[in-house]
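Asks: Okay, so here is start.cif, and as you'll see once you scroll down, it has mmCIF, C-alpha atoms.
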data_upload
loop_
_atom_site.group_PDB
_atom_site.id
_atom_site.type_symbol
_atom_site.label_atom_id
_atom_site.label_comp_id
_atom_site.auth_asym_id
_atom_site.auth_seq_id
_atom_site.Cartn_x
_atom_site.Cartn_y
_atom_site.Cartn_z
ATOM 1 C CA MET M 1 77.284 83.633 106.637
ATOM 2 C CA ALA M 2 80.214 85.839 105.733
ATOM 3 C CA LYS M 3 79.408 89.522 105.718
ATOM 4 C CA LYS M 4 80.040 91.583 102.621
ATOM 5 C CA LYS M 5 83.026 93.897 102.649
ATOM 6 C CA PRO M 6 82.165 97.565 102.101
ATOM 7 C CA GLN M 7 83.146 99.160 98.812
ATOM 8 C CA TYR M 8 85.440 102.160 98.900
ATOM 9 C CA GLU M 9 86.408 104.794 96.388
ATOM 10 C CA THR M 10 89.307 103.834 94.140
ATOM 11 C CA ARG M 11 92.279 106.185 94.221
ATOM 12 C CA THR M 12 95.784 106.371 92.855
ATOM 13 C CA TYR M 13 98.740 106.053 95.211
ATOM 14 C CA THR M 14 102.507 105.945 94.974
ATOM 15 C CA VAL M 15 104.532 103.606 97.169
ATOM 16 C CA ALA M 16 106.789 105.744 99.349
ATOM 17 C CA GLY M 17 109.720 104.686 101.518
ATOM 18 C CA THR M 18 111.714 101.524 100.991
ATOM 19 C CA ARG M 19 109.145 98.743 101.549
ATOM 20 C CA LYS M 20 106.670 97.131 99.207
ATOM 21 C CA TYR M 21 103.036 98.038 99.795
ATOM 22 C CA ALA M 22 100.312 95.522 98.868
ATOM 23 C CA GLY M 23 102.691 93.869 96.418
ATOM 24 C CA HIS M 24 103.764 97.126 94.779
ATOM 25 C CA ALA M 25 107.434 98.087 94.734
ATOM 26 C CA PRO M 26 108.733 101.376 96.154
ATOM 27 C CA GLY M 27 108.179 104.198 93.681
ATOM 28 C CA GLU M 28 105.419 102.313 91.860
ATOM 29 C CA THR M 29 102.045 103.973 91.264
ATOM 30 C CA PHE M 30 98.917 101.868 91.764
ATOM 31 C CA THR M 31 95.179 102.208 92.133
ATOM 32 C CA ALA M 32 93.304 100.643 95.029
ATOM 33 C CA ALA M 33 90.075 100.978 96.964
ATOM 34 C CA LEU M 34 91.520 101.358 100.454
ATOM 35 C CA SER M 35 89.340 101.969 103.471
ATOM 36 C CA PRO M 36 89.732 105.492 104.910
ATOM 37 C CA GLU M 37 91.394 104.012 108.012
ATOM 38 C CA ALA M 38 93.890 101.902 106.048
ATOM 39 C CA GLU M 39 94.674 104.838 103.772
ATOM 40 C CA GLU M 40 95.299 107.160 106.706
ATOM 41 C CA ARG M 41 97.526 104.650 108.532
ATOM 42 C CA ALA M 42 99.584 103.901 105.422
ATOM 43 C CA ILE M 43 100.099 107.588 104.657
ATOM 44 C CA GLN M 44 100.953 108.412 108.275
ATOM 45 C CA ARG M 45 103.630 105.747 108.529
ATOM 46 C CA GLY M 46 105.065 106.762 105.163
ATOM 47 C CA SER M 47 104.165 103.601 103.241
ATOM 48 C CA ILE M 48 102.223 105.368 100.492
ATOM 49 C CA ALA M 49 101.427 108.863 99.225
ATOM 50 C CA LEU M 50 98.386 110.118 97.371
ATOM 51 C CA SER M 51 98.981 110.792 93.703
ATOM 52 C CA GLY M 52 96.861 111.667 90.687
ATOM 53 C CA GLY M 53 96.155 115.174 91.962
ATOM 54 C CA GLU M 54 94.573 114.013 95.208
ATOM 55 C CA SER M 55 95.550 115.955 98.289
ATOM 56 C CA LYS M 56 92.920 115.101 100.890
ATOM 57 C CA THR M 57 92.683 111.703 102.560
ATOM 58 C CA LYS M 58 89.327 109.907 102.629
ATOM 59 C CA ALA M 59 89.267 110.230 106.403
ATOM 60 C CA ALA M 60 89.606 114.011 106.128
ATOM 61 C CA GLU M 61 86.638 114.321 103.788
ATOM 62 C CA PRO M 62 83.063 114.928 104.978
ATOM 63 C CA GLN M 63 81.116 111.836 106.071
ATOM 64 C CA GLY M 64 78.819 110.117 103.587
ATOM 65 C CA LYS M 65 80.895 110.691 100.490
ATOM 66 C CA GLU M 66 81.776 106.966 100.049
ATOM 67 C CA MET E 1 106.050 71.673 93.201
ATOM 68 C CA GLY E 2 106.219 69.105 95.953
ATOM 69 C CA LYS E 3 108.009 69.491 99.256
ATOM 70 C CA ARG E 4 109.075 72.935 100.196
ATOM 71 C CA VAL E 5 111.654 74.668 102.355
ATOM 72 C CA LEU E 6 110.504 78.050 103.623
ATOM 73 C CA ARG E 7 112.844 80.637 102.121
ATOM 74 C CA ASP E 8 110.831 83.466 100.657
ATOM 75 C CA VAL E 9 107.522 83.617 102.521
ATOM 76 C CA GLN E 10 105.743 86.906 101.868
ATOM 77 C CA ILE E 11 104.157 88.578 104.911
ATOM 78 C CA THR E 12 102.156 91.746 104.482
ATOM 79 C CA VAL E 13 100.691 93.558 107.491
ATOM 80 C CA ASP E 14 98.122 96.249 106.758
ATOM 81 C CA GLY E 15 99.568 96.508 103.253
ATOM 82 C CA THR E 16 103.199 96.926 104.278
ATOM 83 C CA ASP E 17 105.575 94.142 103.286
ATOM 84 C CA LEU E 18 107.488 93.066 106.410
ATOM 85 C CA SER E 19 108.715 89.745 104.962
ATOM 86 C CA ASP E 20 112.391 90.550 105.401
ATOM 87 C CA HIS E 21 111.907 91.050 109.147
ATOM 88 C CA PHE E 22 109.986 87.859 109.979
ATOM 89 C CA SER E 23 111.966 84.737 110.869
ATOM 90 C CA ALA E 24 109.007 82.455 111.687
ATOM 91 C CA ILE E 25 105.347 82.374 110.766
ATOM 92 C CA THR E 26 102.413 80.084 111.607
ATOM 93 C CA VAL E 27 98.991 80.263 109.976
ATOM 94 C CA GLU E 28 96.257 78.526 111.950
ATOM 95 C CA ASP E 29 92.602 77.731 111.342
ATOM 96 C CA ALA E 30 91.299 75.432 114.067
ATOM 97 C CA ALA E 31 88.028 74.343 115.595
ATOM 98 C CA ALA E 32 87.317 73.626 119.233
ATOM 99 C CA GLU E 33 86.512 70.014 120.049
ATOM 100 C CA VAL E 34 83.062 69.671 121.586
ATOM 101 C CA ASP E 35 82.245 66.373 123.228
ATOM 102 C CA ALA E 36 78.932 65.046 121.926
ATOM 103 C CA THR E 37 79.109 61.592 123.473
ATOM 104 C CA ALA E 38 75.761 60.258 124.683
ATOM 105 C CA PHE E 39 74.379 57.148 126.305
ATOM 106 C CA GLY E 40 74.378 54.333 123.824
ATOM 107 C CA ASN E 41 77.567 55.435 122.104
ATOM 108 C CA VAL E 42 80.447 52.977 122.014
ATOM 109 C CA TYR E 43 83.049 55.560 121.078
ATOM 110 C CA THR E 44 83.337 59.107 122.298
ATOM 111 C CA GLN E 45 82.018 61.448 119.664
ATOM 112 C CA ALA E 46 83.421 64.858 119.015
ATOM 113 C CA MET E 47 81.879 67.712 117.105
ATOM 114 C CA LYS E 48 83.535 70.773 115.713
ATOM 115 C CA GLY E 49 82.847 73.823 117.836
ATOM 116 C CA MET E 50 83.758 77.437 117.392
ATOM 117 C CA ARG E 51 86.544 78.116 114.918
ATOM 118 C CA THR E 52 89.690 80.089 115.672
ATOM 119 C CA ALA E 53 91.832 81.742 113.035
ATOM 120 C CA GLN E 54 95.113 83.429 113.795
ATOM 121 C CA ILE E 55 98.561 84.125 112.422
ATOM 122 C CA THR E 56 101.532 84.068 114.750
ATOM 123 C CA GLY E 57 105.129 84.901 114.034
ATOM 124 C CA THR E 58 108.499 86.124 115.198
ATOM 125 C CA VAL E 59 109.539 89.489 113.868
ATOM 126 C CA GLN E 60 112.873 91.258 114.086
ATOM 127 C CA GLN E 61 112.360 94.709 115.518
ATOM 128 C CA ASP E 62 113.084 97.782 113.414
ATOM 129 C CA PHE E 63 112.248 101.343 114.426
ATOM 130 C CA ASP E 64 112.972 102.871 110.987
ATOM 131 C CA THR E 65 110.321 104.900 109.181
ATOM 132 C CA GLY E 66 107.537 102.675 107.846
ATOM 133 C CA SER E 67 109.092 99.506 109.237
ATOM 134 C CA VAL E 68 108.101 97.062 111.978
ATOM 135 C CA HIS E 69 107.481 99.330 114.952
ATOM 136 C CA GLN E 70 105.800 102.093 112.967
ATOM 137 C CA THR E 71 103.496 99.490 111.443
ATOM 138 C CA LEU E 72 102.630 97.417 114.513
ATOM 139 C CA ALA E 73 102.399 100.037 117.268
ATOM 140 C CA PRO E 74 99.478 102.007 115.735
ATOM 141 C CA LEU E 75 97.679 98.772 114.879
ATOM 142 C CA ASN E 76 97.935 97.685 118.509
ATOM 143 C CA ASP E 77 96.445 100.996 119.649
ATOM 144 C CA GLN E 78 93.459 101.047 117.336
ATOM 145 C CA GLU E 79 90.107 99.267 117.341
ATOM 146 C CA ASP E 80 89.706 98.971 113.560
ATOM 147 C CA PRO E 81 90.603 95.616 112.024
ATOM 148 C CA PHE E 82 93.327 95.370 109.396
ATOM 149 C CA GLU E 83 94.527 92.825 106.852
ATOM 150 C CA VAL E 84 97.373 90.323 107.186
ATOM 151 C CA VAL E 85 98.396 88.242 104.162
ATOM 152 C CA VAL E 86 100.888 85.355 104.118
ATOM 153 C CA ILE E 87 102.043 83.786 100.834
ATOM 154 C CA PRO E 88 104.332 80.707 100.865
ATOM 155 C CA THR E 89 106.743 82.029 98.209
ATOM 156 C CA ASP E 90 107.411 85.254 96.342
ATOM 157 C CA ALA E 91 105.937 83.767 93.151
ATOM 158 C CA ALA E 92 102.543 84.874 91.868
ATOM 159 C CA VAL E 93 99.574 83.764 93.936
ATOM 160 C CA SER E 94 97.941 80.626 92.523
ATOM 161 C CA ALA E 95 96.417 77.338 93.637
ATOM 162 C CA GLN E 96 99.997 76.071 94.094
ATOM 163 C CA ASN E 97 101.044 79.230 95.964
ATOM 164 C CA PRO E 98 97.887 80.314 97.811
ATOM 165 C CA ALA E 99 97.546 83.468 99.834
ATOM 166 C CA PHE E 100 96.375 83.035 103.430
ATOM 167 C CA ARG E 101 94.470 86.137 104.411
ATOM 168 C CA LEU E 102 93.069 87.351 107.699
ATOM 169 C CA SER E 103 91.170 90.345 106.395
ATOM 170 C CA GLU E 104 89.881 91.374 109.816
ATOM 171 C CA SER E 105 92.912 90.982 112.042
ATOM 172 C CA GLN E 106 93.581 92.681 115.318
ATOM 173 C CA LEU E 107 96.471 92.860 117.732
ATOM 174 C CA LEU E 108 95.649 92.097 121.341
ATOM 175 C CA GLY E 109 99.110 93.079 122.438
ATOM 176 C CA TYR E 110 102.500 94.100 121.145
ATOM 177 C CA THR E 111 105.902 93.908 122.813
ATOM 178 C CA PRO E 112 108.176 96.464 121.165
ATOM 179 C CA LEU E 113 111.291 95.363 123.020
ATOM 180 C CA SER E 114 112.259 91.993 124.455
ATOM 181 C CA GLY E 115 115.587 90.264 124.827
ATOM 182 C CA GLY E 116 118.875 90.055 126.665
ATOM 183 C CA VAL E 117 122.315 91.463 126.098
ATOM 184 C CA GLY E 118 123.759 90.373 122.792
ATOM 185 C CA ASP E 119 120.420 89.102 121.475
ATOM 186 C CA LEU E 120 118.838 90.017 118.193
ATOM 187 C CA SER E 121 115.851 92.195 119.037
ATOM 188 C CA THR E 122 112.843 90.076 118.123
ATOM 189 C CA THR E 123 109.281 89.956 119.293
ATOM 190 C CA ASP E 124 106.566 87.325 119.017
ATOM 191 C CA ILE E 125 103.362 88.630 117.524
ATOM 192 C CA THR E 126 99.843 87.208 117.223
ATOM 193 C CA PHE E 127 97.285 88.479 114.745
ATOM 194 C CA THR E 128 93.879 87.357 115.980
ATOM 195 C CA ASN E 129 90.757 87.151 113.851
ATOM 196 C CA SER E 130 88.071 89.679 114.729
ATOM 197 C CA GLY E 131 85.457 89.118 112.038
ATOM 198 C CA ASP E 132 83.192 86.613 110.336
ATOM 199 C CA LEU E 133 85.453 85.925 107.377
ATOM 200 C CA GLY E 134 88.117 84.098 109.373
ATOM 201 C CA LEU E 135 91.088 82.730 107.453
ATOM 202 C CA GLU E 136 90.620 82.898 103.694
ATOM 203 C CA ILE E 137 92.674 80.795 101.277
ATOM 204 C CA LEU E 138 92.915 82.643 97.981
ATOM 205 C CA ASN E 139 94.218 81.467 94.609
ATOM 206 C CA THR E 140 94.272 85.023 93.309
ATOM 207 C CA LEU E 141 94.632 88.282 95.161
ATOM 208 C CA PRO E 142 91.889 90.847 94.520
#
As a first step, turn the structure in this file into structure tokens.
Replies:
Amino acid sequence: MAKKKPQYETRTYTVAGTRKYAGHAPGETFTAALSPEAEERAIQRGSIALSGGESKTKAAEPQGKE
Amino acid sequence: MGKRVLRDVQITVDGTDLSDHFSAITVEDAAAEVDATAFGNVYTQAMKGMRTAQITGTVQQDFDTGSVHQTLAPLNDQEDPFEVVVIPTDAAVSAQNPAFRLSESQLLGYTPLSGGVGDLSTTDITFTNSGDLGLEILNTLP
């Protein structure tokens, strides 16, 4: 049986750089429930940036907030 | 839509669209053949064994910010799975343009540089399934 994917907090991001991210064009703002790991990787390589007033990545927040 | 020439396949690795750097892609979902032939059978009988899902491709190397190397190298280093999505055309995902998704992919190796003098810098890459979901065929993207 397929296991259920965990649910993550939904946040608002802006596509940075020159490549599309998850179907969103560069410069576009979108909301998504990314895993903390995926969010951190995407921000580190410059694919996306946090927007909507967020400054801290999910990975940087205390455990158990999800 | 009928027969199709591959021109605008969409390839997204861990969210980042690397379509314009891939020159070949193969999506596979296979099962091992297990011989179940027994005394009394006239024909050999095969059963489906363990399934294997993977996506393989040839990608043109690019060391620019957020491009091929900066996407693949960290994924090769880490243990966490990531998502790879392949869509046959750049049209909206539908039953006639399904998305093939390995939601729990991993890289078991990555060759950042390979080639001879005068060659285009390309590397062959294999995204292997690491979870229970295997290869999903989606008519809409969540």
Asks: Check what the PyMOL selection byres ((chain E) within 9 of (chain M)) selects in the file above and give those residues as an MDAnalysis selection string.
Replies: chainID E and resid 12:18 65:67 70:71 74:75 80 82 131:134
Asks: Can you translate the PyMOL selection byres ((chain E and resi 121-129) around 8) into the concrete residues it hits in this file, as a ChimeraX atom specification?
Replies: /E:52-61,84,102,104-115,119-120,130-131,134-135
Asks: List the spatial neighbours of Ala91 in chain E as a PyMOL selection string - criterion: any atom at most 10 Å away, only C-alpha atoms, same-chain residues fewer than 5 positions off excluded.
Replies: chain E and resi 8-10+96-98
Asks: Using Å and a single decimal, report how far CA of Glu79 in chain E sits from CA of Tyr8 in chain M.
Replies: 19.2 Å
Asks: What's around Arg11 in chain M at 12 Å? Count all atoms listed in the file, leave out sequence neighbours fewer than 6 positions away in its own chain, and write the answer as a PDB file with C-alpha atoms, in the frame of the given file.
Replies:
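The resulting result29.pdb:
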ATOM      1  CA  THR M  29     102.045 103.973  91.264  1.00  0.00           C
ATOM      2  CA  PHE M  30      98.917 101.868  91.764  1.00  0.00           C
ATOM      3  CA  THR M  31      95.179 102.208  92.133  1.00  0.00           C
ATOM      4  CA  ALA M  32      93.304 100.643  95.029  1.00  0.00           C
ATOM      5  CA  ALA M  33      90.075 100.978  96.964  1.00  0.00           C
ATOM      6  CA  LEU M  34      91.520 101.358 100.454  1.00  0.00           C
ATOM      7  CA  SER M  35      89.340 101.969 103.471  1.00  0.00           C
ATOM      8  CA  PRO M  36      89.732 105.492 104.910  1.00  0.00           C
ATOM      9  CA  GLU M  39      94.674 104.838 103.772  1.00  0.00           C
ATOM     10  CA  ILE M  48     102.223 105.368 100.492  1.00  0.00           C
ATOM     11  CA  ALA M  49     101.427 108.863  99.225  1.00  0.00           C
ATOM     12  CA  LEU M  50      98.386 110.118  97.371  1.00  0.00           C
ATOM     13  CA  SER M  51      98.981 110.792  93.703  1.00  0.00           C
ATOM     14  CA  GLY M  52      96.861 111.667  90.687  1.00  0.00           C
ATOM     15  CA  GLY M  53      96.155 115.174  91.962  1.00  0.00           C
ATOM     16  CA  GLU M  54      94.573 114.013  95.208  1.00  0.00           C
ATOM     17  CA  SER M  55      95.550 115.955  98.289  1.00  0.00           C
ATOM     18  CA  LYS M  56      92.920 115.101 100.890  1.00  0.00           C
ATOM     19  CA  THR M  57      92.683 111.703 102.560  1.00  0.00           C
ATOM     20  CA  LYS M  58      89.327 109.907 102.629  1.00  0.00           C
TER      21      LYS M  58
END
Asks: Could you give me the axis-aligned bounding box of range 84-99 of chain E, with 8 Å of padding per side, as centre plus edge lengths in Å to one decimal, as JSON?
Replies:
{"center_x": 101.9, "center_y": 83.2, "center_z": 99.5, "size_x": 27.0, "size_y": 30.3, "size_z": 31.3}
Asks: Which one is closest to Val27 in chain E: E:Leu72, E:Met47, E:Ile137, E:Val5? Count only C-alpha atoms.
Replies: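 Checking each candidate against Val27 in chain E, we get E:Ile137 as the closest.
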Asks: Would you work out the distance separating CA of Lys48 in chain E from CA of Pro88 in chain E, expressed in Å to one decimal?
Replies: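 CA of Pro88 in chain E lies 27.4 Å from CA of Lys48 in chain E.
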Asks: Provide the CA of Gly2 in chain E to CA of Ala30 in chain E distance in Å, to one decimal place.
Replies: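 Distance between the two atoms: 24.3 Å.
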Asks: Quick one: of E:Ala32, E:Arg51, E:Ser19, E:Ala99, who's nearest to Ile87 in chain E, counting only C-alpha atoms?
Replies: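 The closest residue to Ile87 in chain E is E:Ala99.
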Asks: Between M:Pro6, M:Ala60, M:Glu28, M:Thr14, which residue has the minimum interatomic distance to Glu40 in chain M, considering only C-alpha atoms?
Replies: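 For Glu40 in chain M, the nearest of the given residues is M:Ala60.
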Asks: Hey, which of E:His21, E:Gly49, E:Thr26, E:Ala36 ends up closest to Phe63 in chain E? Count all atoms listed in the file.
Replies: E:His21
Asks: Which of these residues is nearest to Val86 in chain E, using all atoms listed in the file: E:Asp29, E:Leu6, E:Ala46, E:Phe100?
Replies: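 Of E:Asp29, E:Leu6, E:Ala46, E:Phe100, the one nearest Val86 in chain E, counting all atoms listed in the file, is E:Phe100.
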